[in-house]
>>> print(open('structure_23.cif').read())   # mmCIF, C-alpha atoms
data_query
#
loop_
_atom_site.label_atom_id
_atom_site.label_comp_id
_atom_site.auth_asym_id
_atom_site.auth_seq_id
_atom_site.Cartn_x
_atom_site.Cartn_y
_atom_site.Cartn_z
CA MET A 1 34.35 161.50 11.66
CA ASP A 2 30.64 161.85 10.93
CA LEU A 3 28.76 161.79 14.26
CA ALA A 4 25.30 161.57 12.65
CA SER A 5 23.74 158.10 12.93
CA THR A 6 22.72 156.26 9.79
CA PRO A 7 19.29 154.55 9.55
CA GLU A 8 21.08 151.21 10.06
CA GLU A 9 22.73 152.47 13.24
CA GLU A 10 19.44 153.79 14.60
CA GLU A 11 17.87 150.42 13.81
CA PHE A 12 20.72 148.77 15.77
CA ARG A 13 20.03 151.14 18.71
CA ALA A 14 16.30 150.36 18.69
CA ARG A 15 16.88 146.60 18.51
CA LEU A 16 19.42 146.74 21.36
CA THR A 17 17.16 148.89 23.54
CA GLU A 18 14.28 146.48 23.05
CA TRP A 19 16.48 143.49 23.87
CA LEU A 20 17.83 145.14 27.05
CA ALA A 21 14.32 145.95 28.23
CA GLY A 22 13.42 142.29 27.90
CA VAL A 23 16.50 140.65 29.39
CA LEU A 24 17.54 142.92 32.28
CA PRO A 25 14.53 142.30 34.56
CA ALA A 26 15.29 138.56 34.45
CA LEU A 27 18.91 138.88 35.61
CA PRO A 28 19.81 137.38 39.01
CA PRO A 29 20.83 139.76 41.83
CA ARG A 30 24.34 141.14 41.56
CA PRO A 31 26.76 139.28 43.88
CA ASP A 32 28.59 140.88 46.77
CA PRO A 33 31.44 143.06 45.37
CA LEU A 34 33.93 141.09 47.48
CA ASP A 35 32.71 137.70 46.18
CA TRP A 36 34.97 137.26 43.15
CA PRO A 37 33.93 133.67 42.27
CA GLY A 38 30.33 134.91 42.39
CA ARG A 39 31.24 137.96 40.32
CA ARG A 40 32.95 135.74 37.75
CA ALA A 41 29.81 133.61 37.42
CA TYR A 42 27.61 136.71 37.14
CA ASP A 43 29.84 138.54 34.63
CA THR A 44 30.44 135.51 32.41
CA GLY A 45 26.71 134.73 32.53
CA TRP A 46 26.00 138.23 31.22
CA GLN A 47 28.66 137.81 28.54
CA ARG A 48 26.99 134.56 27.43
CA ARG A 49 23.66 136.37 27.12
CA LEU A 50 25.33 138.99 24.93
CA TYR A 51 26.91 136.22 22.84
CA ASP A 52 23.64 134.38 22.31
CA ALA A 53 21.95 137.64 21.29
CA GLY A 54 24.72 138.59 18.85
CA TYR A 55 26.16 141.51 20.85
CA ALA A 56 29.31 139.90 22.31
CA GLN A 57 31.64 141.07 19.57
CA VAL A 58 30.53 144.69 19.52
CA HIS A 59 33.71 145.81 21.33
CA TRP A 60 35.72 144.40 18.42
CA ASP A 61 33.25 145.60 15.81
CA ALA A 62 34.68 147.42 12.82
CA SER A 63 31.94 150.05 13.22
CA PRO A 64 32.88 152.59 15.93
CA ALA A 65 29.36 154.01 15.84
CA ARG A 66 27.80 150.67 16.80
CA ARG A 67 30.24 150.29 19.68
CA LEU A 68 29.44 153.75 21.01
CA ILE A 69 25.72 153.10 20.69
CA PHE A 70 26.15 149.82 22.57
CA LEU A 71 27.97 151.57 25.42
CA GLU A 72 25.47 154.40 25.63
CA GLU A 73 22.40 152.16 25.67
CA THR A 74 23.74 149.46 28.03
CA GLU A 75 24.82 152.11 30.53
CA ARG A 76 21.56 154.02 30.17
CA ALA A 77 19.63 150.80 30.85
CA GLY A 78 21.79 149.92 33.87
CA ALA A 79 23.15 146.73 32.27
CA PRO A 80 26.14 144.94 33.87
CA TYR A 81 29.61 146.14 32.90
CA VAL A 82 32.24 143.72 31.56
CA GLY A 83 33.57 143.10 35.11
CA ALA A 84 35.70 139.96 35.29
CA ASN A 85 35.87 139.85 31.48
CA PHE A 86 37.67 143.21 31.39
CA VAL A 87 41.15 141.92 30.50
CA GLY A 88 40.07 139.25 28.04
CA LEU A 89 37.42 141.26 26.27
CA LEU A 90 38.95 144.72 26.22
CA HIS A 91 42.66 144.23 25.69
CA ALA A 92 43.95 140.61 25.57
CA GLY A 93 41.32 139.62 23.02
CA PRO A 94 41.85 142.64 20.73
CA THR A 95 45.64 142.10 20.96
CA ILE A 96 45.33 138.47 19.87
CA ALA A 97 42.93 139.50 17.11
CA ALA A 98 45.48 142.04 15.86
CA GLU A 99 48.76 140.19 16.45
CA GLY A 100 47.94 136.48 16.88
CA THR A 101 48.18 133.71 14.34
CA ALA A 102 45.07 132.18 12.81
CA GLY A 103 45.42 129.22 15.18
CA GLN A 104 45.71 131.51 18.22
CA ARG A 105 42.66 133.49 17.17
CA ASP A 106 40.72 130.23 16.75
CA ARG A 107 41.81 128.97 20.18
CA TRP A 108 41.34 132.03 22.38
CA LEU A 109 38.90 134.52 20.93
CA GLU A 110 35.68 132.52 20.84
CA PRO A 111 35.91 131.42 24.54
CA VAL A 112 36.37 135.09 25.52
CA LEU A 113 33.31 136.12 23.55
CA ARG A 114 31.22 133.27 24.97
CA GLY A 115 32.30 134.09 28.53
CA ASP A 116 33.83 130.62 28.93
CA GLU A 117 37.33 131.81 29.82
CA VAL A 118 38.55 134.75 31.91
CA TRP A 119 41.94 136.43 31.53
CA CYS A 120 44.16 138.30 33.95
CA GLN A 121 46.97 140.75 33.27
CA GLY A 122 50.55 139.96 34.32
CA PHE A 123 52.43 143.11 33.34
CA SER A 124 53.55 145.00 36.47
CA GLU A 125 56.41 143.77 38.65
CA PRO A 126 57.41 144.70 42.22
CA ASP A 127 60.50 146.68 41.15
CA ALA A 128 59.20 147.94 37.80
CA GLY A 129 55.57 149.09 38.15
CA SER A 130 54.53 151.08 35.11
CA ASP A 131 58.09 151.02 33.77
CA LEU A 132 57.50 147.82 31.82
CA ALA A 133 60.91 148.01 30.15
CA SER A 134 62.43 147.24 33.58
CA LEU A 135 60.63 143.92 33.99
CA ARG A 136 62.82 141.02 35.13
CA THR A 137 60.62 137.92 34.95
CA ARG A 138 62.68 135.52 32.85
CA ALA A 139 61.55 133.00 30.23
CA VAL A 140 64.22 130.54 29.14
CA ARG A 141 63.62 128.42 26.04
CA ASP A 142 63.63 124.66 26.74
CA GLY A 143 62.58 122.71 23.66
CA ASP A 144 59.02 123.60 22.74
CA ALA A 145 58.36 125.53 25.96
CA TYR A 146 59.53 128.58 27.88
CA VAL A 147 60.43 128.07 31.54
CA VAL A 148 59.20 131.19 33.35
CA THR A 149 60.54 132.38 36.70
CA GLY A 150 59.81 135.65 38.46
CA ALA A 151 57.05 137.65 40.15
CA LYS A 152 54.22 139.94 39.09
CA ILE A 153 52.12 142.35 41.13
CA TRP A 154 48.78 144.13 40.68
CA THR A 155 47.75 141.17 38.54
CA SER A 156 44.13 141.98 37.74
CA HIS A 157 41.63 139.11 38.27
CA ALA A 158 44.37 136.47 38.88
CA GLU A 159 42.27 134.64 41.47
CA ILE A 160 39.58 133.67 39.00
CA ALA A 161 41.41 133.69 35.66
CA ASP A 162 41.99 130.84 33.23
CA TRP A 163 44.71 132.66 31.25
CA CYS A 164 47.23 135.40 31.86
CA GLU A 165 48.59 137.86 29.32
CA LEU A 166 52.17 137.72 30.54
CA LEU A 167 55.20 139.83 29.73
CA VAL A 168 58.56 138.08 30.11
CA ARG A 169 62.18 138.83 29.31
CA THR A 170 63.43 136.34 26.74
CA ASP A 171 66.78 138.06 26.03
CA PRO A 172 68.39 139.55 29.17
CA ASP A 173 71.29 140.95 27.16
CA ALA A 174 69.13 143.03 24.79
CA PRO A 175 68.30 146.71 25.42
CA PRO A 176 65.37 147.12 27.87
CA HIS A 177 62.70 147.69 25.19
CA ARG A 178 63.86 144.68 23.21
CA GLY A 179 64.22 141.14 24.47
CA ILE A 180 60.62 141.05 25.81
CA SER A 181 57.95 138.56 24.68
CA TRP A 182 54.14 138.44 25.16
CA LEU A 183 52.88 135.01 26.32
CA ALA A 184 49.47 133.49 27.01
CA MET A 185 50.03 131.53 30.22
CA PRO A 186 47.48 128.94 31.44
CA MET A 187 46.72 129.76 35.08
CA ASP A 188 46.45 126.07 36.04
CA ALA A 189 50.08 125.37 35.08
CA PRO A 190 52.29 123.95 37.88
CA GLY A 191 54.54 126.51 39.55
CA ILE A 192 52.02 129.39 39.80
CA THR A 193 51.15 130.84 43.21
CA VAL A 194 48.43 133.50 43.46
CA ARG A 195 48.32 135.70 46.56
CA PRO A 196 45.35 138.14 46.60
CA LEU A 197 45.92 141.78 47.55
CA ARG A 198 43.25 143.55 49.59
CA THR A 199 42.75 147.11 48.36
CA LEU A 200 41.75 150.23 50.31
CA ALA A 201 38.15 149.70 49.15
CA GLY A 202 38.14 146.15 50.55
CA SER A 203 38.17 144.37 47.18
CA ALA A 204 40.73 141.75 46.14
CA GLU A 205 40.67 142.16 42.37
CA PHE A 206 44.48 142.33 42.31
CA ALA A 207 47.03 139.72 43.32
CA GLN A 208 50.69 138.96 43.57
CA LEU A 209 51.78 136.24 41.17
CA PHE A 210 54.80 134.07 41.89
CA LEU A 211 56.16 132.01 38.98
CA ASP A 212 58.53 129.16 39.78
CA GLY A 213 59.66 127.28 36.69
CA VAL A 214 56.28 127.55 34.94
CA ARG A 215 56.35 125.87 31.51
CA VAL A 216 54.51 127.83 28.81
CA PRO A 217 54.39 126.38 25.29
CA VAL A 218 56.30 128.40 22.70
CA ALA A 219 53.13 128.18 20.61
CA ASN A 220 51.50 130.49 23.21
CA ARG A 221 53.78 133.39 22.28
CA VAL A 222 51.87 136.18 20.52
CA GLY A 223 54.15 137.95 18.07
CA ALA A 224 57.80 137.16 17.42
CA GLU A 225 60.27 136.29 20.17
CA ASN A 226 61.77 139.49 21.66
CA ASP A 227 59.16 141.60 19.84
CA GLY A 228 56.90 141.77 22.89
CA TRP A 229 57.37 145.49 23.46
CA ARG A 230 55.66 146.26 20.16
CA VAL A 231 52.87 143.77 20.92
CA THR A 232 52.51 145.31 24.38
CA MET A 233 52.03 148.74 22.87
CA VAL A 234 49.06 147.29 20.99
CA THR A 235 47.64 145.96 24.26
CA LEU A 236 48.18 149.26 26.05
CA SER A 237 46.65 151.19 23.17
CA TYR A 238 43.42 149.26 23.71
CA GLU A 239 43.67 149.48 27.49
CA ARG A 240 44.23 153.23 27.56
CA GLY A 241 42.38 154.19 24.42
CA THR A 242 39.12 152.29 24.54
CA ALA A 243 38.91 149.96 27.55
CA PHE A 244 37.67 152.70 29.93
CA VAL A 245 35.03 153.95 27.51
CA GLY A 246 32.06 152.44 29.33
CA GLU A 247 33.24 153.92 32.61
CA VAL A 248 32.97 157.43 31.22
CA VAL A 249 29.32 156.82 30.44
CA ALA A 250 28.86 155.55 34.00
CA CYS A 251 30.62 158.63 35.40
CA ARG A 252 28.28 160.92 33.46
CA ARG A 253 25.31 159.11 35.02
CA THR A 254 26.88 159.35 38.49
CA LEU A 255 27.47 163.07 38.02
CA ALA A 256 23.77 163.56 37.28
CA GLU A 257 22.91 161.61 40.45
CA VAL A 258 25.34 163.75 42.48
CA ALA A 259 23.71 166.91 41.12
CA ARG A 260 20.25 165.59 42.06
CA GLU A 261 21.46 164.78 45.58
CA SER A 262 22.98 168.26 45.83
CA ARG A 263 19.65 169.89 44.98
CA LYS A 264 17.91 167.59 47.47
CA ASN A 265 20.18 168.23 50.48
CA GLY A 266 20.65 171.96 49.89
CA SER A 267 24.36 171.94 49.02
CA TRP A 268 23.33 173.21 45.55
CA ASP A 269 23.00 176.66 47.12
CA ASP A 270 26.80 176.82 47.33
CA PRO A 271 27.93 178.58 44.12
CA VAL A 272 31.46 177.16 44.40
CA LEU A 273 30.08 173.61 44.47
CA ARG A 274 27.75 174.36 41.55
CA ARG A 275 30.68 175.63 39.47
CA ARG A 276 32.63 172.49 40.44
CA LEU A 277 29.84 170.22 39.20
CA GLY A 278 29.48 172.31 36.05
CA ALA A 279 33.20 172.00 35.32
CA LEU A 280 32.94 168.23 35.73
CA HIS A 281 30.02 168.15 33.29
CA ALA A 282 32.18 169.97 30.75
CA GLU A 283 35.13 167.66 31.44
CA PHE A 284 33.15 164.45 30.90
CA THR A 285 31.53 165.89 27.77
CA ALA A 286 35.01 166.60 26.40
CA LEU A 287 36.15 163.10 27.38
CA TRP A 288 33.22 161.58 25.50
CA ARG A 289 34.21 163.53 22.38
CA LEU A 290 37.76 162.24 22.82
CA ILE A 291 36.40 158.72 23.11
CA GLN A 292 34.51 159.14 19.85
CA TRP A 293 37.74 160.24 18.20
CA ASN A 294 39.76 157.33 19.67
CA VAL A 295 37.16 154.70 18.81
CA SER A 296 36.83 156.14 15.32
CA GLU A 297 40.60 155.99 14.87
CA ALA A 298 40.66 152.38 16.08
CA GLY A 299 37.94 151.55 13.56
CA ALA A 300 39.94 153.17 10.76
CA THR A 301 43.41 151.82 11.61
CA GLY A 302 42.62 148.65 13.55
CA VAL A 303 44.44 149.87 16.70
CA PRO A 304 43.87 152.96 18.90
CA GLY A 305 46.65 155.54 18.66
CA VAL A 306 48.64 157.44 21.27
CA GLY A 307 45.58 159.66 21.82
CA GLY A 308 44.67 156.95 24.32
CA SER A 309 47.27 158.39 26.68
CA VAL A 310 45.58 161.82 26.53
CA PHE A 311 42.29 160.17 27.41
CA LYS A 312 43.78 158.02 30.19
CA LEU A 313 45.51 160.99 31.77
CA ARG A 314 42.44 163.24 31.81
CA TYR A 315 39.97 160.49 32.69
CA SER A 316 41.96 159.29 35.73
CA HIS A 317 41.94 162.74 37.29
CA ALA A 318 38.35 163.53 36.28
CA ARG A 319 37.16 160.35 37.98
CA GLN A 320 38.92 161.31 41.20
CA ASP A 321 37.50 164.84 40.98
CA LEU A 322 33.99 163.43 40.49
CA TYR A 323 34.05 161.37 43.67
CA GLU A 324 35.69 164.17 45.65
CA ALA A 325 32.82 166.41 44.54
CA ALA A 326 30.38 163.67 45.57
CA ALA A 327 32.01 163.64 49.01
CA ALA A 328 31.57 167.42 49.23
CA VAL A 329 27.88 167.00 48.44
CA LEU A 330 27.47 164.27 51.06
CA GLY A 331 29.39 166.17 53.72
CA PRO A 332 30.18 164.12 56.87
CA ASP A 333 28.06 161.24 55.46
CA ALA A 334 30.88 160.63 52.95
CA LEU A 335 32.77 158.84 55.75
CA ASP A 336 30.01 156.19 55.89
CA LEU A 337 31.21 153.38 53.57
CA ASP A 338 27.63 152.16 53.17
CA ARG A 339 26.63 155.42 51.45
CA PRO A 340 26.64 155.63 47.65
CA TRP A 341 29.93 156.71 46.08
CA SER A 342 32.05 156.17 49.25
CA LEU A 343 33.74 152.97 48.02
CA ASP A 344 33.98 154.44 44.51
CA ARG A 345 35.81 157.41 46.01
CA LEU A 346 38.38 155.09 47.57
CA SER A 347 38.82 152.98 44.43
CA SER A 348 39.17 156.12 42.26
CA LEU A 349 42.54 156.75 43.90
CA SER A 350 43.98 153.80 41.96
CA TYR A 351 43.11 155.21 38.54
CA THR A 352 46.13 157.51 38.31
CA ILE A 353 48.29 154.38 38.76
CA ALA A 354 46.35 151.69 36.87
CA ALA A 355 47.16 151.06 33.18
CA GLY A 356 50.28 153.23 33.44
CA THR A 357 50.76 156.07 35.90
CA SER A 358 49.90 159.66 35.04
CA GLN A 359 53.63 160.39 34.93
CA ILE A 360 54.05 157.72 32.23
CA GLN A 361 51.11 159.15 30.26
CA ARG A 362 52.57 162.67 30.44
CA ASN A 363 55.87 161.37 29.04
CA ILE A 364 54.05 159.68 26.15
CA VAL A 365 52.04 162.81 25.37
CA ALA A 366 55.16 164.98 25.55
CA GLU A 367 57.40 162.73 23.46
CA ARG A 368 55.08 161.06 20.95
CA ILE A 369 52.43 163.73 20.40
CA LEU A 370 54.16 167.04 21.16
CA GLY A 371 57.58 165.90 19.91
CA LEU A 372 59.42 167.15 22.99
CA PRO A 373 62.87 165.74 23.88
CA LYS A 374 62.92 162.40 25.67
CA GLU A 375 63.20 162.31 29.45
CA PRO A 376 66.88 161.97 30.54
CA ARG A 377 67.57 158.48 31.92
#
>>> encode(input="structure_23.cif", output="C-alpha cells")
Amino acid sequence: MDLASTPEEEEFRARLTEWLAGVLPALPPRPDPLDWPGRRAYDTGWQRRLYDAGYAQVHWDASPARRLIFLEETERAGAPYVGANFVGLLHAGPTIAAEGTAGQRDRWLEPVLRGDEVWCQGFSEPDAGSDLASLRTRAVRDGDAYVVTGAKIWTSHAEIADWCELLVRTDPDAPPHRGISWLAMPMDAPGITVRPLRTLAGSAEFAQLFLDGVRVPVANRVGAENDGWRVTMVTLSYERGTAFVGEVVACRRTLAEVARESRKNGSWDDPVLRRRLGALHAEFTALWRLIQWNVSEAGATGVPGVGGSVFKLRYSHARQDLYEAAAAVLGPDALDLDRPWSLDRLSSLSYTIAAGTSQIQRNIVAERILGLPKEPR
C-alpha cells in the first residue's frame, strides 16, 4: 500500500476541510447523551448534510485513502460521529452492498446514505452471546414470508431503528454454522417488543428484543436461505475491521488531551505514568497503521479480511487502558461522573464484549491466521 497522498487526494482533503469549517459552526447543540430520539434526529441530520455535500458514501468508497482522509479531517475538526447511523452505515449497508440483490440495494442503501432510515443489530441472544452459531431464534417459512419467534439481546439502537439486521435459524436440523439466514426485519412489524437496557454509563443504546410470530417477507433475506453464516462473516468483517476506525482517531485526540491535563495538574512528574502514556501513544499509532492496512485490503478485495479480529482485539484493550490512564491522571476526581472521560471509562468496559468477545477474537486469530488447531468443543 502506498501511503503517500496523490494530488487528487490532497485536493479532496482541502475541499473537505473547507466544507467542515463552513458547516460545523452552524450545527445545533448536541442532544443529551441519554436522549436517543434527540440523538437520532441529530445524527441523521448530520448524515443528510454529508449526503447533500457528496460525502455520505465515503465509508463505502472504493478509495481507502479518501476514507482515511475523511476520518482524519472530520475527527480533527470535531465533527459528529456516525452515532445512531452506526449499524446501517458501517456494517448493514456494506453487507447489503456486497451480498444483496440489485433490488435490495436500490431499496435500502440510499435511505441509509440520506439518513432517512436507521438500523439496529439483532445478532446476540440471551443464551448464545458472541457464539452466534448457538442462536435459537427460529424463522419458519409460510408462503412468501418467514414467521420469526425468539429473543435477542444487546440489540444496538433498537429503540429508534426502522430496520434490524436479524440472524435467524431457518434449518434447526443443520449443523450450527449452517441453517442460519440473514434477514432485514422492519421494526414496525406486529409481534416485536423492544425493552431498553440501561448500561453502567447510564445510556440505553442496547435493548432486549422479543419476537412473537413476526412476519418478515422472504424477499428481505440477504443471501441464500441457510447461507446466513457466510453473509454474517461479511457483516462482522466490516464491524471488526473498519467500523471502529473513527474511534481510533478520537482516542488519539483524547490521549493528547490526557497528556495536556497531566502536565497541567503535575501528574506528569510521575515517570511511571509518563511511560504509560507513551506506551499508549505507540499502541494507537500501531493501531492506525493496522487500520490503513485493513481499509486498503477492503478497497482491494471488497471486504475486510480476518485482520479485523487482530484490530478488534488490540483496540478493545487499548481503549480500556486509555481511560484507566485518564483516571490515573485525574486521581480522585475520576469518581466524579461529570468530569471528562469518566463516562467513557465506564463505557470502555463493554468494548471487550461488543462485536465479539476478546476470547472469540483470539480463537479467530489462532485458527484462521496462525493456523493453530481448532478449540475442542
>>> closest_atom_pairs(input="structure_23.cif", of="range 21-133 of chain A", to="range 171-181 of chain A", cutoff="12 Å", atoms="all atoms listed in the file", output="JSON lines")
{"residue": "A:Phe123", "atom": "CA", "partner": "A:Ser181", "partner_atom": "CA", "distance": 11.2}
{"residue": "A:Ala128", "atom": "CA", "partner": "A:Pro176", "partner_atom": "CA", "distance": 11.7}
{"residue": "A:Asp131", "atom": "CA", "partner": "A:Pro176", "partner_atom": "CA", "distance": 10.1}
{"residue": "A:Leu132", "atom": "CA", "partner": "A:His177", "partner_atom": "CA", "distance": 8.4}
{"residue": "A:Ala133", "atom": "CA", "partner": "A:Pro176", "partner_atom": "CA", "distance": 5.1}
>>> atom_distance(input="structure_23.cif", atom1="CA of Arg319 in chain A", atom2="CA of Ile291 in chain A")
15.0 Å
>>> closest_residue(input="structure_23.cif", among="A:Ala65, A:Val329, A:Glu18, A:Gly88", to="Lys264 in chain A", atoms="only C-alpha atoms")
A:Val329
>>> resolve_selection(input="structure_23.cif", expression="the PyMOL selection byres ((chain A and resi 249-261) around 10)", output="count of residues only")
45
>>> atom_distance(input="structure_23.cif", atom1="CA of Pro64 in chain A", atom2="CA of Val295 in chain A")
5.6 Å
>>> closest_residue(input="structure_23.cif", among="A:Phe70, A:Trp108, A:Tyr51, A:Trp60", to="Glu10 in chain A", atoms="only C-alpha atoms")
A:Phe70
>>> axis_aligned_box(input="structure_23.cif", around="range 139-155 of chain A", padding_each_side="3 Å", output="AutoDock Vina command-line options")
--center_x 56.0 --center_y 133.4 --center_z 31.9 --size_x 22.5 --size_y 27.4 --size_z 24.4
>>> atom_distance(input="structure_23.cif", atom1="CA of Arg13 in chain A", atom2="CA of Glu297 in chain A")
21.5 Å
>>> closest_residue(input="structure_23.cif", among="A:Thr6, A:Trp154, A:Val272, A:Trp46", to="Thr199 in chain A", atoms="all atoms listed in the file")
A:Trp154
>>> closest_residue(input="structure_23.cif", among="A:Val147, A:Leu90, A:Ala201, A:Ala21", to="Ser237 in chain A", atoms="only C-alpha atoms")
A:Leu90
>>> resolve_selection(input="structure_23.cif", expression="the PyMOL selection byres ((chain A and resi 362) around 12)", output="ChimeraX atom specification")
/A:306-314,352,356-361,363-370,372,374-375
>>> write_last_selection(input="structure_23.cif", atoms="C-alpha atoms", output="CSV table (one decimal), in the frame of the given file")
chain,number,residue,atom,x,y,z
A,306,VAL,CA,48.6,157.4,21.3
A,307,GLY,CA,45.6,159.7,21.8
A,308,GLY,CA,44.7,157.0,24.3
A,309,SER,CA,47.3,158.4,26.7
A,310,VAL,CA,45.6,161.8,26.5
A,311,PHE,CA,42.3,160.2,27.4
A,312,LYS,CA,43.8,158.0,30.2
A,313,LEU,CA,45.5,161.0,31.8
A,314,ARG,CA,42.4,163.2,31.8
A,352,THR,CA,46.1,157.5,38.3
A,356,GLY,CA,50.3,153.2,33.4
A,357,THR,CA,50.8,156.1,35.9
A,358,SER,CA,49.9,159.7,35.0
A,359,GLN,CA,53.6,160.4,34.9
A,360,ILE,CA,54.0,157.7,32.2
A,361,GLN,CA,51.1,159.2,30.3
A,363,ASN,CA,55.9,161.4,29.0
A,364,ILE,CA,54.0,159.7,26.2
A,365,VAL,CA,52.0,162.8,25.4
A,366,ALA,CA,55.2,165.0,25.6
A,367,GLU,CA,57.4,162.7,23.5
A,368,ARG,CA,55.1,161.1,21.0
A,369,ILE,CA,52.4,163.7,20.4
A,370,LEU,CA,54.2,167.0,21.2
A,372,LEU,CA,59.4,167.2,23.0
A,374,LYS,CA,62.9,162.4,25.7
A,375,GLU,CA,63.2,162.3,29.4
>>> closest_residue(input="structure_23.cif", among="A:Gln320, A:Leu337, A:Pro25, A:Val58", to="Tyr351 in chain A", atoms="all atoms listed in the file")
A:Gln320
>>> residues_around(input="structure_23.cif", residues="range 205-217 of chain A", least_positions_apart="2", cutoff="7 Å", atoms="all atoms listed in the file", output="list in words")
Asp144, Ala145, Tyr146, Val147, Val148, Thr149, Gly150, Ala151, Lys152, Ile153, Trp154, Thr155, Ser156, His157, Ala158, Met185, Ala189, Pro190, Gly191, Ile192, Thr193, Val194, Arg195, Pro196, Leu197, Ser203, Ala219 and Asn220 of chain A
>>> residues_near_point(input="structure_23.cif", point="(49.9, 144.1, 30.8)", cutoff="10 Å", atoms="all atoms listed in the file", output="ChimeraX atom specification")
/A:87,91-92,120-124,130,132,154-156,164-167,182,232-233,235-236,239,355-356
